[in-house]
Amino acid sequence: MFSSWTLDVPVLVAVLLAGGLYLAGMRRVRRAGGEWPAIRMVAFYLGGLGVLVIATMSFLGVYQGVLFYIRSVQTILLLLVVPLFTALGRPLTLITAALPRFGRRLDAVIHSRTSRLLTFPAIPTMVIVLVPFVLYFSPWYAASMRSGTVRELTYLALLAPGFVFFWMFLRVDPVPRAYPYLVGLWVSAGEVVGDAVLGLAILADQSLIAGSYYHALARPWGPSLSSDQVIGGGALWVLGDIVGLPFLAAQFIQMIREDETEAAGVDAELDAVEAAEAAAAAGAPEVAGGPAGGGAGPEEPAGQQPWWERDPRFADRFRSAGGS
């Protein structure tokens with residue numbers, strides 16, 4: 001596990017290129033007087049690029065073509081872990097901040113009608129669930145171990161839908177449409193169920209997946225081919241559910257932060273309205289026959305409403321009887 005390493009040149013080039021561009025963008029933002037929190041850099045480099053290197057060039061890369069369960073662990077890392085932390089690194093926000101002119105073009109593409117259609121919540125959810133199904137239950141799986149080109153394209157086919165999924169529902173970068181976090185919670189639950197179904201399908205499969213390939217290896221060590229597949233199915237099921245936990249945690253944190261920011265803005269707006277109403281009431285003459293004369297007292301400022309009717313978050317839910 002610790003001494004077995006391999007060199008995957010295409011992945012190494014991609015890692016160095018992505019890491020160099022991210023570092024250049026971060027330096028440009030800071031030179032311009034902006035801030036780029038270190039936590040985003042840690043997420044991108046260690047959680048994103050670091051895990052990508054481990055998944056493809058450590059013992060996982062060495063034995064992914066020999067042991068079924070090693071390939072299952074690699075699949076989860078590429079489909080869920082690497083995209084999750086890459087999205088938390090906010091690469092699109094960094095591009096916009098470092099290159100404003102290009103960022104405006106990117107923003108136009110992100111908010112285009114085509115992007116809105118392609119990122120409808122059901123679509124990225126279905127893709128991230130179906131891609132591993134197609135991989136394991138088609139000739140694609142064996143081909144990805146026999147051909148280096150197919151293997152690299154398989155890595156890309158796992159990384160891309162995973163990144164789109166987390167980019168859409170974490171909402172830390174600009175997105176075509178900001179769906180409520182409750183939608184993200186529902187689709188994350190669907191993704192967890194999809195991982196479980198995939199793992200159970202592999203566990204229940206009586207035939208060997210890519211059996212001719214594994215028989216041809218004739219390895220004299222390790223678990224039997226059937227046990228290897230059972231362990232791999234369990235890894236897909238359990239690890240897929242475990243990886244869903246940091247995603248849910250990130251969603252809750254974003255939800256809390258967004259609610260706090262929105263509440264602060266609403267409070268400031270309501271305070272300004274109340275201050276204006278108080279000033280208007282202080283300058284208005286007292287109505288004849290006030291409290292001393294047994295009348296109705298000072299006239300209530302025009303337009304006075306309970307705070308929940310003026311809060312934009314609840315204005316559509318609670319309306320006064322006179323306005324309904």
# chains A, B, ... in the order shown; residues from 1 in each chain; ligands from 1
>>> residues_around(residues="A:Leu248", least_positions_apart="2", cutoff="10 Å", atoms="only C-alpha atoms", output="list in words")
Leu170, Gly184, Leu185, Ser188, Ala189, Val243, Gly244, Leu245, Pro246, Ala250, Gln251, Phe252, Ile253 and Gln254 of chain A
>>> write_last_selection(atoms="N, CA and C atoms", output="PDB file, in the first residue's frame")
ATOM      1  N   LEU A 170     -23.888  22.621  -4.240  1.00  0.00           N
ATOM      2  CA  LEU A 170     -23.200  23.332  -3.168  1.00  0.00           C
ATOM      3  C   LEU A 170     -23.381  24.835  -3.315  1.00  0.00           C
ATOM      4  N   GLY A 184     -31.254  20.313  -3.033  1.00  0.00           N
ATOM      5  CA  GLY A 184     -29.969  19.639  -2.951  1.00  0.00           C
ATOM      6  C   GLY A 184     -29.988  18.469  -1.981  1.00  0.00           C
ATOM      7  N   LEU A 185     -30.698  18.624  -0.876  1.00  0.00           N
ATOM      8  CA  LEU A 185     -30.795  17.534   0.090  1.00  0.00           C
ATOM      9  C   LEU A 185     -31.547  16.346  -0.496  1.00  0.00           C
ATOM     10  N   SER A 188     -29.251  14.680  -3.108  1.00  0.00           N
ATOM     11  CA  SER A 188     -28.154  13.963  -2.459  1.00  0.00           C
ATOM     12  C   SER A 188     -28.660  12.651  -1.884  1.00  0.00           C
ATOM     13  N   ALA A 189     -29.885  12.659  -1.380  1.00  0.00           N
ATOM     14  CA  ALA A 189     -30.488  11.408  -0.912  1.00  0.00           C
ATOM     15  C   ALA A 189     -30.673  10.433  -2.071  1.00  0.00           C
ATOM     16  N   VAL A 243     -19.200   9.071   1.829  1.00  0.00           N
ATOM     17  CA  VAL A 243     -18.811  10.313   1.159  1.00  0.00           C
ATOM     18  C   VAL A 243     -19.964  11.300   1.126  1.00  0.00           C
ATOM     19  N   GLY A 244     -21.191  10.796   1.184  1.00  0.00           N
ATOM     20  CA  GLY A 244     -22.344  11.699   1.190  1.00  0.00           C
ATOM     21  C   GLY A 244     -22.422  12.558   2.446  1.00  0.00           C
ATOM     22  N   LEU A 245     -21.766  12.126   3.528  1.00  0.00           N
ATOM     23  CA  LEU A 245     -21.849  12.878   4.789  1.00  0.00           C
ATOM     24  C   LEU A 245     -21.173  14.246   4.699  1.00  0.00           C
ATOM     25  N   PRO A 246     -19.914  14.356   4.207  1.00  0.00           N
ATOM     26  CA  PRO A 246     -19.337  15.704   4.089  1.00  0.00           C
ATOM     27  C   PRO A 246     -20.102  16.593   3.121  1.00  0.00           C
ATOM     28  N   ALA A 250     -21.503  20.148   4.180  1.00  0.00           N
ATOM     29  CA  ALA A 250     -21.203  21.371   3.429  1.00  0.00           C
ATOM     30  C   ALA A 250     -22.488  22.098   3.047  1.00  0.00           C
ATOM     31  N   GLN A 251     -23.520  21.352   2.691  1.00  0.00           N
ATOM     32  CA  GLN A 251     -24.798  21.973   2.346  1.00  0.00           C
ATOM     33  C   GLN A 251     -25.415  22.674   3.556  1.00  0.00           C
ATOM     34  N   PHE A 252     -25.377  22.035   4.710  1.00  0.00           N
ATOM     35  CA  PHE A 252     -25.935  22.655   5.916  1.00  0.00           C
ATOM     36  C   PHE A 252     -25.170  23.921   6.285  1.00  0.00           C
ATOM     37  N   ILE A 253     -23.847  23.881   6.168  1.00  0.00           N
ATOM     38  CA  ILE A 253     -23.042  25.062   6.488  1.00  0.00           C
ATOM     39  C   ILE A 253     -23.390  26.203   5.549  1.00  0.00           C
ATOM     40  N   GLN A 254     -23.480  25.908   4.243  1.00  0.00           N
ATOM     41  CA  GLN A 254     -23.842  26.941   3.277  1.00  0.00           C
ATOM     42  C   GLN A 254     -25.241  27.479   3.542  1.00  0.00           C
TER      43      GLN A 254
END
>>> residues_around(residues="A:Phe85", least_positions_apart="4", cutoff="8 Å", atoms="only C-alpha atoms", output="short mmCIF file (atom, residue, chain, number, x, y, z; two decimals) with C-alpha atoms, in the first residue's frame")
data_model
loop_
_atom_site.label_atom_id
_atom_site.label_comp_id
_atom_site.auth_asym_id
_atom_site.auth_seq_id
_atom_site.Cartn_x
_atom_site.Cartn_y
_atom_site.Cartn_z
CA ALA A 43 -9.74 21.97 -0.47
CA PHE A 44 -8.56 22.31 -4.07
CA GLY A 47 -8.89 17.27 -1.31
CA GLY A 48 -9.10 17.67 -5.09
CA VAL A 81 -14.43 12.73 -3.42
CA GLY A 89 -12.09 25.18 -3.95
#
>>> closest_residue(among="A:Ser144, A:Thr6, A:Thr93, A:Ser72", to="A:Ile54", atoms="only C-alpha atoms")
A:Thr6
>>> closest_residue(among="A:Ala210, A:Ala98, A:Ala108, A:Leu159", to="A:Arg31", atoms="only C-alpha atoms")
A:Ala98
>>> residues_around(residues="A:Pro37", least_positions_apart="2", cutoff="12 Å", atoms="only C-alpha atoms", output="JSON, numbers by chain")
{"A": [26, 27, 29, 30, 34, 35, 39, 40, 41, 42, 43, 44, 88, 89, 90, 94]}
>>> select_by_dssp(residues="stretch 21-268 of chain A", states="helix (DSSP H, G or I)", output="ChimeraX atom specification")
/A:21-31,38-57,59-63,68-88,91-98,100-110,113-118,122-136,140-146,148-170,181-204,211-217,225-268
>>> closest_residue(among="A:Leu156, A:Leu135, A:Leu200, A:Leu182", to="A:Pro121", atoms="only C-alpha atoms")
A:Leu182
>>> atom_distance(atom1="atom CA of A:Gly25", atom2="atom CA of A:Leu99")
8.1 Å
>>> residues_around(residues="A:Ala157", least_positions_apart="6", cutoff="10 Å", atoms="only C-alpha atoms", output="JSON, numbers by chain")
{"A": [78, 79, 128, 131, 132, 135, 151]}
>>> write_last_selection(atoms="N, CA, C and O atoms", output="JSON list (two decimals), in the first residue's frame")
[["chain", "number", "residue", "atom", "x", "y", "z"],
["A", 78, "LEU", "N", -12.96, 9.02, -7.55],
["A", 78, "LEU", "CA", -13.02, 9.85, -8.76],
["A", 78, "LEU", "C", -14.40, 10.43, -8.99],
["A", 78, "LEU", "O", -14.55, 11.56, -9.47],
["A", 79, "LEU", "N", -15.43, 9.69, -8.65],
["A", 79, "LEU", "CA", -16.80, 10.14, -8.91],
["A", 79, "LEU", "C", -17.30, 11.13, -7.86],
["A", 79, "LEU", "O", -18.05, 12.06, -8.20],
["A", 128, "ILE", "N", -24.92, 11.19, -12.68],
["A", 128, "ILE", "CA", -23.95, 10.71, -11.69],
["A", 128, "ILE", "C", -24.32, 9.32, -11.17],
["A", 128, "ILE", "O", -23.45, 8.57, -10.71],
["A", 131, "VAL", "N", -23.80, 6.75, -14.79],
["A", 131, "VAL", "CA", -22.46, 6.52, -15.35],
["A", 131, "VAL", "C", -21.79, 5.29, -14.73],
["A", 131, "VAL", "O", -21.28, 4.43, -15.46],
["A", 132, "PRO", "N", -21.72, 5.15, -13.40],
["A", 132, "PRO", "CA", -21.10, 3.93, -12.87],
["A", 132, "PRO", "C", -21.88, 2.66, -13.20],
["A", 132, "PRO", "O", -21.26, 1.59, -13.35],
["A", 135, "LEU", "N", -20.76, 1.79, -16.60],
["A", 135, "LEU", "CA", -19.37, 1.35, -16.54],
["A", 135, "LEU", "C", -19.27, -0.11, -16.13],
["A", 135, "LEU", "O", -18.57, -0.90, -16.78],
["A", 151, "ARG", "N", -8.93, 4.04, -20.37],
["A", 151, "ARG", "CA", -8.82, 4.26, -18.92],
["A", 151, "ARG", "C", -8.82, 5.75, -18.58],
["A", 151, "ARG", "O", -9.54, 6.18, -17.69]]
>>> residues_around(residues="A:Val66", least_positions_apart="6", cutoff="10 Å", atoms="only C-alpha atoms", output="list in words")
Leu60, Met145, Tyr213, Tyr214, Leu217, Ala218, Arg219 and Gly222 of chain A
>>> write_last_selection(atoms="all heavy atoms", output="PDB file, in the first residue's frame")
ATOM      1  N   LEU A  60      -3.626   2.315  -5.434  1.00  0.00           N
ATOM      2  CA  LEU A  60      -4.921   2.194  -6.104  1.00  0.00           C
ATOM      3  C   LEU A  60      -4.746   2.184  -7.612  1.00  0.00           C
ATOM      4  O   LEU A  60      -5.422   1.435  -8.330  1.00  0.00           O
ATOM      5  CB  LEU A  60      -5.836   3.346  -5.678  1.00  0.00           C
ATOM      6  CG  LEU A  60      -6.222   3.403  -4.200  1.00  0.00           C
ATOM      7  CD1 LEU A  60      -6.994   4.677  -3.893  1.00  0.00           C
ATOM      8  CD2 LEU A  60      -7.037   2.173  -3.811  1.00  0.00           C
ATOM      9  N   MET A 145      -9.634  -1.359 -18.720  1.00  0.00           N
ATOM     10  CA  MET A 145      -8.445  -1.976 -18.125  1.00  0.00           C
ATOM     11  C   MET A 145      -7.493  -2.515 -19.180  1.00  0.00           C
ATOM     12  O   MET A 145      -6.322  -2.759 -18.912  1.00  0.00           O
ATOM     13  CB  MET A 145      -8.871  -3.086 -17.161  1.00  0.00           C
ATOM     14  CG  MET A 145      -9.588  -2.548 -15.932  1.00  0.00           C
ATOM     15  SD  MET A 145      -9.976  -3.805 -14.706  1.00  0.00           S
ATOM     16  CE  MET A 145     -11.272  -4.703 -15.563  1.00  0.00           C
ATOM     17  N   TYR A 213     -11.485 -11.246 -18.441  1.00  0.00           N
ATOM     18  CA  TYR A 213     -10.286 -10.451 -18.163  1.00  0.00           C
ATOM     19  C   TYR A 213      -9.618 -10.928 -16.880  1.00  0.00           C
ATOM     20  O   TYR A 213      -8.401 -11.155 -16.835  1.00  0.00           O
ATOM     21  CB  TYR A 213     -10.658  -8.971 -18.053  1.00  0.00           C
ATOM     22  CG  TYR A 213      -9.536  -8.099 -17.541  1.00  0.00           C
ATOM     23  CD1 TYR A 213      -8.549  -7.629 -18.396  1.00  0.00           C
ATOM     24  CD2 TYR A 213      -9.452  -7.761 -16.193  1.00  0.00           C
ATOM     25  CE1 TYR A 213      -7.508  -6.834 -17.922  1.00  0.00           C
ATOM     26  CE2 TYR A 213      -8.427  -6.972 -15.713  1.00  0.00           C
ATOM     27  CZ  TYR A 213      -7.460  -6.512 -16.574  1.00  0.00           C
ATOM     28  OH  TYR A 213      -6.435  -5.740 -16.095  1.00  0.00           O
ATOM     29  N   TYR A 214     -10.408 -11.095 -15.814  1.00  0.00           N
ATOM     30  CA  TYR A 214      -9.826 -11.492 -14.529  1.00  0.00           C
ATOM     31  C   TYR A 214      -9.320 -12.937 -14.563  1.00  0.00           C
ATOM     32  O   TYR A 214      -8.302 -13.257 -13.928  1.00  0.00           O
ATOM     33  CB  TYR A 214     -10.849 -11.300 -13.412  1.00  0.00           C
ATOM     34  CG  TYR A 214     -11.051  -9.855 -13.024  1.00  0.00           C
ATOM     35  CD1 TYR A 214     -12.255  -9.198 -13.272  1.00  0.00           C
ATOM     36  CD2 TYR A 214     -10.026  -9.133 -12.408  1.00  0.00           C
ATOM     37  CE1 TYR A 214     -12.439  -7.867 -12.905  1.00  0.00           C
ATOM     38  CE2 TYR A 214     -10.203  -7.803 -12.045  1.00  0.00           C
ATOM     39  CZ  TYR A 214     -11.411  -7.173 -12.303  1.00  0.00           C
ATOM     40  OH  TYR A 214     -11.580  -5.857 -11.947  1.00  0.00           O
ATOM     41  N   LEU A 217      -5.883 -13.013 -16.031  1.00  0.00           N
ATOM     42  CA  LEU A 217      -4.795 -12.555 -15.158  1.00  0.00           C
ATOM     43  C   LEU A 217      -4.180 -13.715 -14.375  1.00  0.00           C
ATOM     44  O   LEU A 217      -2.966 -13.742 -14.141  1.00  0.00           O
ATOM     45  CB  LEU A 217      -5.313 -11.508 -14.172  1.00  0.00           C
ATOM     46  CG  LEU A 217      -5.663 -10.124 -14.716  1.00  0.00           C
ATOM     47  CD1 LEU A 217      -6.178  -9.241 -13.584  1.00  0.00           C
ATOM     48  CD2 LEU A 217      -4.453  -9.469 -15.367  1.00  0.00           C
ATOM     49  N   ALA A 218      -5.051 -14.623 -13.931  1.00  0.00           N
ATOM     50  CA  ALA A 218      -4.599 -15.810 -13.198  1.00  0.00           C
ATOM     51  C   ALA A 218      -3.700 -15.447 -12.017  1.00  0.00           C
ATOM     52  O   ALA A 218      -2.651 -16.065 -11.801  1.00  0.00           O
ATOM     53  CB  ALA A 218      -3.882 -16.777 -14.145  1.00  0.00           C
ATOM     54  N   ARG A 219      -4.088 -14.456 -11.240  1.00  0.00           N
ATOM     55  CA  ARG A 219      -3.260 -14.076 -10.091  1.00  0.00           C
ATOM     56  C   ARG A 219      -3.368 -15.167  -9.020  1.00  0.00           C
ATOM     57  O   ARG A 219      -4.455 -15.652  -8.702  1.00  0.00           O
ATOM     58  CB  ARG A 219      -3.698 -12.724  -9.529  1.00  0.00           C
ATOM     59  CG  ARG A 219      -5.139 -12.618  -9.106  1.00  0.00           C
ATOM     60  CD  ARG A 219      -5.423 -11.263  -8.450  1.00  0.00           C
ATOM     61  NE  ARG A 219      -6.838 -11.065  -8.227  1.00  0.00           N
ATOM     62  CZ  ARG A 219      -7.523 -11.569  -7.217  1.00  0.00           C
ATOM     63  NH1 ARG A 219      -6.901 -12.331  -6.328  1.00  0.00           N
ATOM     64  NH2 ARG A 219      -8.823 -11.344  -7.086  1.00  0.00           N
ATOM     65  N   GLY A 222      -4.378 -13.154  -3.102  1.00  0.00           N
ATOM     66  CA  GLY A 222      -5.547 -12.307  -2.880  1.00  0.00           C
ATOM     67  C   GLY A 222      -6.836 -13.094  -2.795  1.00  0.00           C
ATOM     68  O   GLY A 222      -6.848 -14.328  -2.886  1.00  0.00           O
TER      69      GLY A 222
END
>>> residues_around(residues="A:Gln206", least_positions_apart="2", cutoff="12 Å", atoms="only C-alpha atoms", output="list in words")
Leu200, Ala201, Ile202, Leu203, Ala204, Leu208, Ile209, Gly211, Leu225, Ser226, Ser227, Gln229 and Val230 of chain A
>>> residues_around(residues="A:Gly148", least_positions_apart="5", cutoff="12 Å", atoms="only C-alpha atoms", output="list in words")
Asp8, Val9, Pro10, Val11, Gly65, Ala142, Ala143, Leu153, Thr154 and Tyr155 of chain A
>>> write_last_selection(atoms="N, CA and C atoms", output="PDB file, in the first residue's frame")
ATOM      1  N   ASP A   8       1.184   8.053 -13.993  1.00  0.00           N
ATOM      2  CA  ASP A   8       0.146   8.235 -15.007  1.00  0.00           C
ATOM      3  C   ASP A   8       0.383   9.607 -15.629  1.00  0.00           C
ATOM      4  N   VAL A   9       1.038   9.630 -16.778  1.00  0.00           N
ATOM      5  CA  VAL A   9       1.478  10.890 -17.382  1.00  0.00           C
ATOM      6  C   VAL A   9       0.322  11.839 -17.692  1.00  0.00           C
ATOM      7  N   PRO A  10      -0.757  11.405 -18.343  1.00  0.00           N
ATOM      8  CA  PRO A  10      -1.858  12.351 -18.608  1.00  0.00           C
ATOM      9  C   PRO A  10      -2.438  12.964 -17.338  1.00  0.00           C
ATOM     10  N   VAL A  11      -2.610  12.160 -16.287  1.00  0.00           N
ATOM     11  CA  VAL A  11      -3.150  12.692 -15.037  1.00  0.00           C
ATOM     12  C   VAL A  11      -2.156  13.656 -14.403  1.00  0.00           C
ATOM     13  N   GLY A  65      -6.261  -2.477 -11.983  1.00  0.00           N
ATOM     14  CA  GLY A  65      -6.514  -3.428 -13.052  1.00  0.00           C
ATOM     15  C   GLY A  65      -6.335  -4.870 -12.633  1.00  0.00           C
ATOM     16  N   ALA A 142     -14.246  -3.681 -18.891  1.00  0.00           N
ATOM     17  CA  ALA A 142     -13.074  -4.458 -19.308  1.00  0.00           C
ATOM     18  C   ALA A 142     -12.197  -3.659 -20.260  1.00  0.00           C
ATOM     19  N   ALA A 143     -12.828  -2.880 -21.156  1.00  0.00           N
ATOM     20  CA  ALA A 143     -12.057  -2.076 -22.103  1.00  0.00           C
ATOM     21  C   ALA A 143     -11.205  -1.037 -21.392  1.00  0.00           C
ATOM     22  N   LEU A 153     -10.008   8.208 -20.418  1.00  0.00           N
ATOM     23  CA  LEU A 153     -11.329   8.757 -20.726  1.00  0.00           C
ATOM     24  C   LEU A 153     -12.349   8.357 -19.652  1.00  0.00           C
ATOM     25  N   THR A 154     -12.154   7.170 -19.069  1.00  0.00           N
ATOM     26  CA  THR A 154     -13.035   6.738 -17.985  1.00  0.00           C
ATOM     27  C   THR A 154     -12.854   7.627 -16.764  1.00  0.00           C
ATOM     28  N   TYR A 155     -11.611   7.960 -16.455  1.00  0.00           N
ATOM     29  CA  TYR A 155     -11.368   8.892 -15.354  1.00  0.00           C
ATOM     30  C   TYR A 155     -12.137  10.199 -15.582  1.00  0.00           C
TER      31      TYR A 155
END
>>> closest_residue(among="A:Leu77, A:Ala272, A:Val134, A:Val150", to="A:Leu239", atoms="only C-alpha atoms")
A:Leu77
>>> closest_residue(among="A:Ala18, A:Ser207, A:Met255, A:Phe59", to="A:Phe2", atoms="only C-alpha atoms")
A:Phe59
>>> atom_distance(atom1="atom CA of A:Pro124", atom2="atom CA of A:Gly190")
11.3 Å
>>> atom_distance(atom1="atom CA of A:Ile76", atom2="atom CA of A:Ile231")
13.8 Å
>>> decode(residues="stretch 274-284 of chain A", atoms="all heavy atoms", output="CSV table (one decimal), in the first residue's frame")
chain,number,residue,atom,x,y,z
A,274,GLU,N,-38.4,51.2,10.2
A,274,GLU,CA,-38.9,51.6,11.5
A,274,GLU,C,-38.4,53.0,11.9
A,274,GLU,O,-39.1,53.8,12.5
A,274,GLU,CB,-38.6,50.5,12.5
A,274,GLU,CG,-39.3,49.2,12.3
A,274,GLU,CD,-38.9,48.2,13.3
A,274,GLU,OE1,-38.0,48.5,14.1
A,274,GLU,OE2,-39.4,47.0,13.2
A,275,ALA,N,-37.1,53.2,11.6
A,275,ALA,CA,-36.6,54.6,12.0
A,275,ALA,C,-37.3,55.7,11.2
A,275,ALA,O,-37.6,56.7,11.8
A,275,ALA,CB,-35.1,54.6,11.7
A,276,ALA,N,-37.6,55.4,9.9
A,276,ALA,CA,-38.3,56.4,9.1
A,276,ALA,C,-39.7,56.6,9.7
A,276,ALA,O,-40.2,57.8,9.7
A,276,ALA,CB,-38.3,56.0,7.7
A,277,GLU,N,-40.4,55.6,10.0
A,277,GLU,CA,-41.7,55.7,10.6
A,277,GLU,C,-41.7,56.4,11.9
A,277,GLU,O,-42.6,57.2,12.2
A,277,GLU,CB,-42.4,54.3,10.7
A,277,GLU,CG,-42.7,53.6,9.4
A,277,GLU,CD,-43.2,52.2,9.5
A,277,GLU,OE1,-43.0,51.7,10.7
A,277,GLU,OE2,-43.6,51.6,8.6
A,278,ALA,N,-40.7,56.1,12.7
A,278,ALA,CA,-40.6,56.8,14.0
A,278,ALA,C,-40.4,58.3,13.9
A,278,ALA,O,-41.0,59.1,14.6
A,278,ALA,CB,-39.5,56.2,14.9
A,279,ALA,N,-39.5,58.6,12.9
A,279,ALA,CA,-39.3,60.1,12.6
A,279,ALA,C,-40.5,60.8,12.1
A,279,ALA,O,-40.8,61.9,12.5
A,279,ALA,CB,-38.1,60.2,11.6
A,280,ALA,N,-41.3,60.1,11.2
A,280,ALA,CA,-42.5,60.7,10.7
A,280,ALA,C,-43.5,60.8,11.8
A,280,ALA,O,-44.3,61.8,11.9
A,280,ALA,CB,-43.1,59.8,9.6
A,281,ALA,N,-43.6,59.9,12.7
A,281,ALA,CA,-44.6,60.0,13.8
A,281,ALA,C,-44.2,61.1,14.8
A,281,ALA,O,-45.1,61.8,15.3
A,281,ALA,CB,-44.7,58.6,14.6
A,282,ALA,N,-42.9,61.2,15.0
A,282,ALA,CA,-42.5,62.3,16.0
A,282,ALA,C,-42.8,63.7,15.4
A,282,ALA,O,-43.1,64.6,16.2
A,282,ALA,CB,-41.0,62.2,16.3
A,283,GLY,N,-42.8,63.8,14.1
A,283,GLY,CA,-43.0,65.1,13.5
A,283,GLY,C,-44.5,65.4,13.2
A,283,GLY,O,-44.8,66.6,12.9
A,284,ALA,N,-45.4,64.4,13.4
A,284,ALA,CA,-46.8,64.6,13.1
A,284,ALA,C,-47.5,65.3,14.3
A,284,ALA,O,-47.2,64.9,15.4
A,284,ALA,CB,-47.4,63.3,12.8
